[in-house]
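Undergrad: Input structure-v9.cif, format and content: mmCIF, C-alpha atoms and all ligand atoms.
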data_run
#
loop_
_atom_site.label_atom_id
_atom_site.label_comp_id
_atom_site.auth_asym_id
_atom_site.auth_seq_id
_atom_site.Cartn_x
_atom_site.Cartn_y
_atom_site.Cartn_z
CA MET A 1 -6.16 18.00 -12.75
CA PRO A 2 -9.56 16.88 -14.07
CA VAL A 3 -11.49 13.95 -12.68
CA ALA A 4 -12.57 11.52 -15.43
CA GLU A 5 -16.20 10.74 -16.06
CA GLN A 6 -16.54 6.99 -15.85
CA THR A 7 -18.95 6.04 -18.57
CA SER A 8 -17.61 2.71 -19.78
CA ALA A 9 -15.87 -0.34 -18.35
CA LEU A 10 -12.75 0.69 -20.28
CA ASP A 11 -12.50 3.68 -17.97
CA GLN A 12 -12.36 1.45 -14.91
CA VAL A 13 -9.61 -0.38 -13.17
CA PRO A 14 -10.21 -4.08 -14.04
CA ILE A 15 -11.82 -6.50 -11.59
CA ILE A 16 -10.07 -9.87 -11.80
CA ASP A 17 -11.21 -13.21 -10.39
CA VAL A 18 -8.06 -14.79 -8.94
CA GLY A 19 -9.70 -17.88 -7.38
CA GLU A 20 -8.50 -20.16 -10.13
CA VAL A 21 -4.96 -18.67 -10.20
CA PHE A 22 -4.44 -19.70 -6.61
CA ALA A 23 -6.22 -23.07 -6.94
CA ASP A 24 -4.65 -24.40 -10.14
CA SER A 25 -2.33 -21.97 -11.84
CA SER A 26 -2.06 -24.07 -14.99
CA SER A 27 -5.80 -24.01 -15.80
CA ASN A 28 -7.11 -21.93 -18.71
CA ALA A 29 -8.97 -19.61 -16.35
CA ALA A 30 -5.75 -19.04 -14.37
CA VAL A 31 -3.73 -18.26 -17.49
CA GLN A 32 -6.39 -15.74 -18.53
CA ALA A 33 -6.39 -14.10 -15.10
CA ILE A 34 -2.58 -13.89 -15.12
CA ASP A 35 -2.75 -12.16 -18.51
CA GLN A 36 -5.32 -9.73 -17.13
CA ILE A 37 -3.09 -9.00 -14.13
CA ALA A 38 -0.06 -8.35 -16.35
CA GLU A 39 -2.12 -6.08 -18.60
CA ALA A 40 -3.52 -4.14 -15.62
CA CYS A 41 0.00 -3.66 -14.23
CA LYS A 42 1.18 -2.28 -17.58
CA THR A 43 -1.71 0.13 -18.07
CA TRP A 44 -3.22 1.18 -14.74
CA GLY A 45 -0.77 -0.11 -12.17
CA PHE A 46 -4.02 -0.96 -10.30
CA PHE A 47 -6.69 -3.68 -10.32
CA GLN A 48 -9.24 -5.20 -7.97
CA VAL A 49 -9.34 -8.90 -7.09
CA VAL A 50 -12.28 -11.09 -6.08
CA ASN A 51 -12.10 -14.66 -4.75
CA HIS A 52 -8.80 -13.72 -3.10
CA GLY A 53 -9.15 -16.35 -0.37
CA ILE A 54 -9.29 -14.17 2.77
CA PRO A 55 -12.54 -15.15 4.53
CA ALA A 56 -15.20 -12.46 5.01
CA ASN A 57 -15.53 -13.15 8.76
CA ARG A 58 -11.82 -12.47 9.27
CA ILE A 59 -12.17 -9.19 7.39
CA ASP A 60 -15.25 -8.22 9.44
CA GLU A 61 -13.24 -8.70 12.63
CA VAL A 62 -10.38 -6.57 11.23
CA TRP A 63 -12.87 -3.76 10.60
CA ARG A 64 -14.33 -4.08 14.12
CA GLN A 65 -10.88 -3.81 15.69
CA THR A 66 -9.88 -0.93 13.41
CA HIS A 67 -12.97 1.08 14.34
CA ALA A 68 -12.34 0.34 18.02
CA LEU A 69 -8.73 1.58 17.81
CA PHE A 70 -9.56 4.95 16.27
CA ALA A 71 -12.53 5.38 18.66
CA LEU A 72 -10.15 5.30 21.66
CA PRO A 73 -9.70 8.60 23.54
CA VAL A 74 -6.94 10.75 22.01
CA ASP A 75 -4.63 10.30 25.00
CA GLU A 76 -4.72 6.50 24.61
CA LYS A 77 -3.83 6.84 20.95
CA LEU A 78 -1.05 9.31 21.70
CA ALA A 79 0.38 6.82 24.24
CA ILE A 80 1.39 4.66 21.25
CA VAL A 81 2.43 7.48 18.91
CA ARG A 82 5.21 6.65 16.50
CA ASP A 83 8.33 8.78 16.22
CA ARG A 84 11.39 9.38 14.08
CA GLN A 85 13.24 6.36 15.48
CA SER A 86 10.35 3.95 15.15
CA PRO A 87 7.62 4.19 12.54
CA TRP A 88 5.33 1.67 14.33
CA GLY A 89 2.24 2.97 16.10
CA PHE A 90 -0.31 5.75 15.85
CA TYR A 91 0.09 9.03 13.96
CA ASN A 92 -2.24 11.86 13.10
CA ASN A 93 -0.11 14.34 11.24
CA GLU A 94 1.48 12.46 8.39
CA LEU A 95 3.03 14.45 5.59
CA THR A 96 2.89 12.96 2.12
CA LYS A 97 4.63 15.15 -0.43
CA ASN A 98 5.25 17.60 2.39
CA GLN A 99 1.58 18.47 2.86
CA ARG A 100 -0.55 17.51 5.80
CA ASP A 101 -3.11 14.74 5.25
CA LYS A 102 -6.59 14.72 6.83
CA LYS A 103 -6.28 11.36 8.49
CA GLU A 104 -5.12 9.29 11.42
CA VAL A 105 -3.02 6.17 10.90
CA PHE A 106 -1.74 3.14 12.79
CA ASP A 107 1.20 1.18 11.33
CA TYR A 108 2.44 -2.24 12.41
CA THR A 109 4.65 -4.96 11.01
CA ARG A 110 5.65 -8.50 11.89
CA GLU A 111 6.37 -9.14 15.55
CA GLY A 112 9.96 -8.90 16.78
CA VAL A 113 12.66 -6.36 16.05
CA ASP A 114 12.26 -5.18 12.49
CA PRO A 115 15.41 -5.36 10.36
CA ILE A 116 15.25 -1.84 8.89
CA TYR A 117 14.65 0.37 11.95
CA GLY A 118 15.61 -2.12 14.69
CA GLN A 119 12.30 -1.37 16.46
CA GLN A 120 9.20 -3.23 17.62
CA ASN A 121 5.48 -2.72 17.21
CA ARG A 122 3.58 -0.49 19.64
CA TRP A 123 0.19 -1.93 20.57
CA PRO A 124 -2.76 -0.21 22.25
CA ALA A 125 -3.62 -1.39 25.78
CA ARG A 126 -7.09 -2.29 24.50
CA PRO A 127 -9.07 -3.88 22.92
CA ALA A 128 -7.49 -7.23 23.85
CA GLU A 129 -8.40 -8.77 20.51
CA PHE A 130 -6.69 -6.02 18.51
CA ARG A 131 -3.19 -7.47 18.41
CA PRO A 132 -3.99 -11.13 17.55
CA THR A 133 -6.56 -10.04 14.95
CA MET A 134 -4.11 -7.69 13.26
CA LEU A 135 -1.20 -10.13 13.28
CA ALA A 136 -3.36 -12.89 11.78
CA TYR A 137 -4.54 -10.47 9.11
CA LEU A 138 -0.95 -9.52 8.26
CA ASP A 139 -0.20 -13.23 7.75
CA ALA A 140 -3.25 -13.62 5.49
CA CYS A 141 -2.20 -10.62 3.40
CA THR A 142 1.33 -12.01 3.14
CA GLU A 143 -0.01 -15.26 1.74
CA LEU A 144 -2.19 -13.40 -0.77
CA SER A 145 0.76 -11.19 -1.77
CA LEU A 146 3.03 -14.20 -2.35
CA ASN A 147 0.35 -15.66 -4.61
CA LEU A 148 0.04 -12.38 -6.50
CA LEU A 149 3.82 -12.20 -6.83
CA GLU A 150 3.68 -15.52 -8.69
CA ALA A 151 1.25 -14.01 -11.19
CA PHE A 152 3.46 -10.92 -11.55
CA CYS A 153 6.48 -13.17 -12.28
CA ARG A 154 4.60 -15.25 -14.82
CA GLY A 155 3.48 -12.05 -16.52
CA LEU A 156 7.18 -11.19 -16.95
CA ASP A 157 8.01 -14.66 -18.39
CA LEU A 158 9.72 -15.78 -15.21
CA PRO A 159 9.18 -18.96 -13.19
CA ALA A 160 6.30 -18.38 -10.73
CA LYS A 161 8.46 -18.49 -7.60
CA PHE A 162 11.38 -16.55 -9.05
CA MET A 163 11.01 -13.67 -6.58
CA HIS A 164 10.11 -15.75 -3.52
CA PRO A 165 13.63 -15.78 -2.00
CA ASP A 166 13.39 -11.99 -1.55
CA PHE A 167 10.06 -12.24 0.32
CA ASP A 168 9.17 -15.63 1.75
CA GLY A 169 9.99 -15.58 5.47
CA ASN A 170 12.08 -12.38 5.26
CA HIS A 171 9.79 -9.69 3.81
CA THR A 172 9.53 -6.25 5.42
CA GLY A 173 5.85 -5.71 4.61
CA PHE A 174 3.74 -3.62 6.95
CA MET A 175 0.10 -2.79 7.52
CA ARG A 176 -1.42 0.67 7.77
CA LEU A 177 -4.83 1.33 9.25
CA ASN A 178 -6.16 4.61 7.80
CA TYR A 179 -8.97 6.64 9.34
CA TYR A 180 -10.20 9.60 7.30
CA PRO A 181 -12.40 11.62 9.64
CA VAL A 182 -14.85 14.35 8.69
CA GLU A 183 -13.36 16.66 11.33
CA ASP A 184 -9.68 17.54 10.94
CA PRO A 185 -7.93 15.41 13.61
CA MET A 186 -5.35 18.13 14.20
CA ALA A 187 -7.87 20.90 14.76
CA GLN A 188 -8.57 19.74 18.34
CA LEU A 189 -4.86 19.59 19.07
CA GLY A 190 -4.47 23.24 18.18
CA SER A 191 -2.25 22.71 15.16
CA ASP A 192 -1.01 25.87 13.49
CA ARG A 193 -0.48 24.05 10.20
CA PRO A 194 -2.73 24.87 7.22
CA ALA A 195 -5.90 22.82 6.80
CA ALA A 196 -5.49 19.44 5.13
CA ASP A 197 -7.26 19.36 1.77
CA LEU A 198 -6.80 15.66 0.93
CA GLY A 199 -7.06 12.43 2.91
CA VAL A 200 -3.73 11.32 1.49
CA HIS A 201 -1.83 13.41 -1.05
CA HIS A 202 -0.73 11.93 -4.37
CA HIS A 203 2.10 9.42 -4.15
CA THR A 204 3.34 6.05 -5.37
CA ASP A 205 3.93 3.21 -2.92
CA ALA A 206 7.60 2.48 -2.37
CA GLY A 207 7.64 -1.33 -2.29
CA ALA A 208 6.62 -4.29 -4.44
CA LEU A 209 2.83 -4.37 -4.30
CA THR A 210 0.00 -3.16 -2.09
CA VAL A 211 -3.14 -5.06 -1.04
CA LEU A 212 -5.78 -2.54 0.06
CA LEU A 213 -9.02 -3.17 1.85
CA GLN A 214 -11.42 -0.23 1.65
CA ASP A 215 -14.79 0.16 3.33
CA GLU A 216 -18.00 1.05 1.49
CA VAL A 217 -17.16 4.78 1.33
CA SER A 218 -15.16 5.42 -1.85
CA GLY A 219 -12.36 7.98 -1.95
CA LEU A 220 -9.35 6.37 -3.61
CA GLN A 221 -8.33 7.73 -7.02
CA VAL A 222 -5.63 6.68 -9.50
CA PHE A 223 -3.97 9.01 -11.99
CA ARG A 224 -3.78 7.96 -15.63
CA ASP A 225 -3.18 9.97 -18.80
CA GLY A 226 -3.99 13.31 -17.23
CA PHE A 227 -7.14 12.26 -15.32
CA TRP A 228 -8.01 11.04 -11.84
CA TYR A 229 -10.15 7.88 -11.86
CA ASP A 230 -12.23 6.69 -8.89
CA ILE A 231 -11.58 3.20 -7.63
CA PRO A 232 -15.06 2.19 -6.51
CA ALA A 233 -15.60 0.26 -3.30
CA ILE A 234 -16.74 -3.28 -4.17
CA ASP A 235 -17.95 -5.57 -1.42
CA GLY A 236 -15.60 -8.57 -1.07
CA ALA A 237 -12.91 -7.15 -3.38
CA MET A 238 -9.40 -5.99 -2.55
CA VAL A 239 -7.53 -3.31 -4.46
CA ILE A 240 -4.03 -4.22 -5.68
CA ASN A 241 -1.42 -1.82 -6.97
CA THR A 242 2.21 -2.03 -7.99
CA GLY A 243 4.88 -0.09 -6.15
CA ASP A 244 8.16 1.55 -7.08
CA MET A 245 10.27 -1.59 -6.61
CA MET A 246 8.01 -3.52 -9.00
CA GLN A 247 8.47 -0.78 -11.58
CA VAL A 248 12.27 -1.14 -11.21
CA TRP A 249 12.24 -4.96 -11.25
CA SER A 250 10.11 -4.92 -14.41
CA ASN A 251 12.28 -2.22 -16.03
CA ASP A 252 9.22 0.06 -16.40
CA ILE A 253 6.95 -2.64 -17.92
CA TYR A 254 4.75 -2.53 -14.80
CA LYS A 255 3.86 0.97 -13.59
CA ALA A 256 3.86 2.24 -10.03
CA ALA A 257 0.72 4.34 -10.38
CA ILE A 258 0.22 7.68 -8.70
CA HIS A 259 -2.82 7.66 -6.43
CA ARG A 260 -4.45 9.72 -3.70
CA GLY A 261 -7.29 9.62 -1.19
CA LEU A 262 -9.95 12.32 -1.03
CA ALA A 263 -10.62 14.13 2.22
CA MET A 264 -13.95 13.23 3.79
CA ASP A 265 -16.56 15.98 4.08
CA THR A 266 -19.74 14.15 5.05
CA ARG A 267 -18.91 10.54 5.97
CA GLU A 268 -15.82 9.12 7.62
CA ARG A 269 -13.87 6.48 5.72
CA TYR A 270 -11.45 3.68 6.69
CA SER A 271 -8.95 1.80 4.53
CA ILE A 272 -6.25 -0.77 5.26
CA PRO A 273 -3.30 -1.06 2.88
CA PHE A 274 -0.76 -3.85 3.31
CA PHE A 275 2.52 -2.77 1.76
CA PHE A 276 4.34 -5.92 0.64
CA ASN A 277 8.05 -5.20 0.65
CA PRO A 278 11.18 -7.29 0.04
CA ALA A 279 13.83 -8.36 2.54
CA ALA A 280 15.81 -5.56 4.18
CA ASP A 281 19.03 -6.62 2.45
CA CYS A 282 17.46 -7.02 -1.00
CA THR A 283 19.08 -5.14 -3.88
CA VAL A 284 16.49 -4.27 -6.51
CA SER A 285 17.49 -4.14 -10.20
CA PRO A 286 15.64 -4.99 -13.41
CA LEU A 287 15.06 -8.77 -13.66
CA PRO A 288 16.87 -10.92 -16.25
CA SER A 289 13.79 -11.50 -18.42
CA VAL A 290 13.17 -7.78 -18.97
CA ILE A 291 16.63 -6.64 -20.02
CA GLY A 292 18.44 -7.44 -23.24
CA GLU A 293 20.32 -5.83 -26.08
CA ASP A 294 17.27 -3.98 -27.30
CA ARG A 295 16.14 -3.14 -23.77
CA PRO A 296 18.94 -1.97 -21.50
CA SER A 297 18.47 -1.73 -17.76
CA LEU A 298 16.92 1.65 -16.95
CA TYR A 299 17.91 1.77 -13.27
CA HIS A 300 20.93 1.66 -11.00
CA PRO A 301 20.57 -0.95 -8.24
CA ILE A 302 18.51 0.14 -5.22
CA GLU A 303 19.22 -1.12 -1.70
CA TRP A 304 15.70 -1.66 -0.40
CA GLY A 305 16.46 -1.24 3.33
CA SER A 306 18.07 2.16 2.89
CA PHE A 307 15.49 3.33 0.31
CA ARG A 308 12.64 2.54 2.69
CA GLY A 309 14.41 4.20 5.60
CA LYS A 310 14.86 7.41 3.60
CA ARG A 311 11.29 7.31 2.29
CA SER A 312 9.73 7.13 5.74
CA GLU A 313 11.87 10.07 6.90
CA GLY A 314 9.70 12.08 4.52
CA ASP A 315 6.64 11.22 6.67
CA TYR A 316 7.96 13.56 9.33
CA ALA A 317 9.79 16.17 7.35
CA ASP A 318 8.21 19.28 5.99
CA TYR A 319 11.57 20.09 4.45
CA GLY A 320 13.54 18.56 1.62
CA THR A 321 12.21 16.10 -0.93
CA GLU A 322 11.20 12.50 -0.54
CA VAL A 323 13.49 9.87 -2.14
CA GLN A 324 12.07 8.66 -5.48
CA ILE A 325 13.09 5.95 -7.98
CA SER A 326 13.63 8.64 -10.62
CA GLN A 327 16.84 9.48 -8.73
CA TYR A 328 18.13 5.99 -9.63
CA ARG A 329 17.23 6.23 -13.31
CA LYS A 330 20.23 5.90 -15.62
C1 LIG B 1 -2.03 5.10 1.57
C2 LIG B 1 -3.04 5.15 0.49
C3 LIG B 1 -5.37 4.99 -0.13
C4 LIG B 1 -6.70 4.82 0.52
O1 LIG B 1 -2.42 4.96 2.73
O2 LIG B 1 -0.84 5.20 1.24
O3 LIG B 1 -2.71 5.36 -0.65
O4 LIG B 1 -7.67 4.49 -0.19
N1 LIG B 1 -4.32 4.99 0.83
O5 LIG B 1 -6.82 5.04 1.72
#
Could you quickly redo this structure as structure tokens?
Ligand code: OGA

TA:
Amino acid sequence: MPVAEQTSALDQVPIIDVGEVFADSSSNAAVQAIDQIAEACKTWGFFQVVNHGIPANRIDEVWRQTHALFALPVDEKLAIVRDRQSPWGFYNNELTKNQRDKKEVFDYTREGVDPIYGQQNRWPARPAEFRPTMLAYLDACTELSLNLLEAFCRGLDLPAKFMHPDFDGNHTGFMRLNYYPVEDPMAQLGSDRPAADLGVHHHTDAGALTVLLQDEVSGLQVFRDGFWYDIPAIDGAMVINTGDMMQVWSNDIYKAAIHRGLAMDTRERYSIPFFFNPAADCTVSPLPSVIGEDRPSLYHPIEWGSFRGKRSEGDYADYGTEVQISQYRK
């Protein structure tokens, strides 16, 4: 597939100032930003936000801890490797669309036993600041995601907090630290699998929305109308995209966009997506404001907990196909 030349602002994922949305959601500036968010969700399924409210010094510390984790000796990382029973911890051989990705990852969620897998986080023995930094960052991303959810609801003509009961205090969101090295991380482990040609192969995110922090090395691309578009790294911005469940809730008004990450050839890259997901027992169906006589529901109900469980099985399997929302289409 061709990569688009980006010559005009129209060819770029929009950059939206959300400061006013979160401060006073009835102001003119907020209403404009909410319209821009709704439009971006309908066209790109992606946008960037500035003035999102997460302080720069907190983000700097998250980067420091992330770099420190991946710089640990391999045996310390493998001591917290995730497995089929529990998806929390380190991994360096993820399969997305059944092809190996050129990356290392670390996944964690809220503390305690998670309600989908019945498992707990695995934490590295060091650095000491890693765990508190990462848990505080997960809380900050949750707050930002709840604010964004309000804008998404208003864009669908729903009361701002309409979806909060499925998320507030009971969400199953999780954080992924991505490290895209220049050297193939599996090469040193003597893998007999074919070389990885992308950092992360093309996919949609399974849940509601994703809040992604990327460093200054670009590599993320979104697919639209037959082209791949770069999502440039912008200092202080976060990248937001809609996931499969948002596409179902909105009855296809908002798109879960296909995206991918390039493999790194000359400079290593780090990114940190927070996948904001509903409660384990949430059943996802098109919302009342988006169905009617002229617009029937396009999907059968989806049990989030079981959908997510099946989707992450695909991270380990090089057989079979990953569960997709198209299988629930009427
Ligand atoms: C992912 C993902 C994009 C990026 O980890 O699922 O899409 O820029 N990452 O790293």

Undergrad: Hey, can you check how far atom CA of Asp35 of chain A sits from atom CA of Leu156 of chain A?

TA: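 Separating atom CA of Asp35 of chain A from atom CA of Leu156 of chain A is a distance of 10.1 Å.
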
Undergrad: Work out how far apart atom CA of Ser271 of chain A and atom CA of Leu220 of chain A are and give it in Å to one decimal.

TA: 9.3 Å

Undergrad: What residues have any atom no more than 8 Å from ligand LIG 1 (chain B) when counting all atoms listed in the file, and can you list them as a PyMOL selection string?

TA: chain A and resi 176-178+180+199-200+202-205+212+214+218-221+259-261+270-273

Undergrad: For segment 101-113 of chain A, list every protein, DNA or RNA residue within 9 Å, evaluated using only C-alpha atoms, and leave out those in the same chain fewer than 3 positions away; present the list as a ChimeraX atom specification.

TA: /A:69-70,81-82,87-96,116-123,134-135,138-139,172-186,195-201,262-264

Undergrad: With all atoms listed in the file as the basis for distance, which of A:Gln12, A:Gln324, A:Asn241, A:Ser289 is at the shortest distance from Phe162 of chain A?

TA: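 Of A:Gln12, A:Gln324, A:Asn241, A:Ser289, the one nearest Phe162 of chain A is A:Ser289, counting all atoms listed in the file.
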
Undergrad: Using all atoms listed in the file for the distances, tell me which of A:Ile258, A:Leu298, A:Ile291, A:Ala38 is nearest to Gly155 of chain A.

TA: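 Among A:Ile258, A:Leu298, A:Ile291, A:Ala38, it is A:Ala38 that comes nearest to Gly155 of chain A.
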
Undergrad: Rounded to one decimal, what separation in Å do you get between atom CA of Ser285 of chain A and atom CA of Val239 of chain A?

TA: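 Between atom CA of Ser285 of chain A and atom CA of Val239 of chain A the gap is 25.7 Å.
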
Undergrad: For Lys330 of chain A, which of A:Ala40, A:Met238, A:Ile253, A:Val248 is the closest residue, counting all atoms listed in the file?

TA: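 For Lys330 of chain A, the nearest of the given residues is A:Val248.
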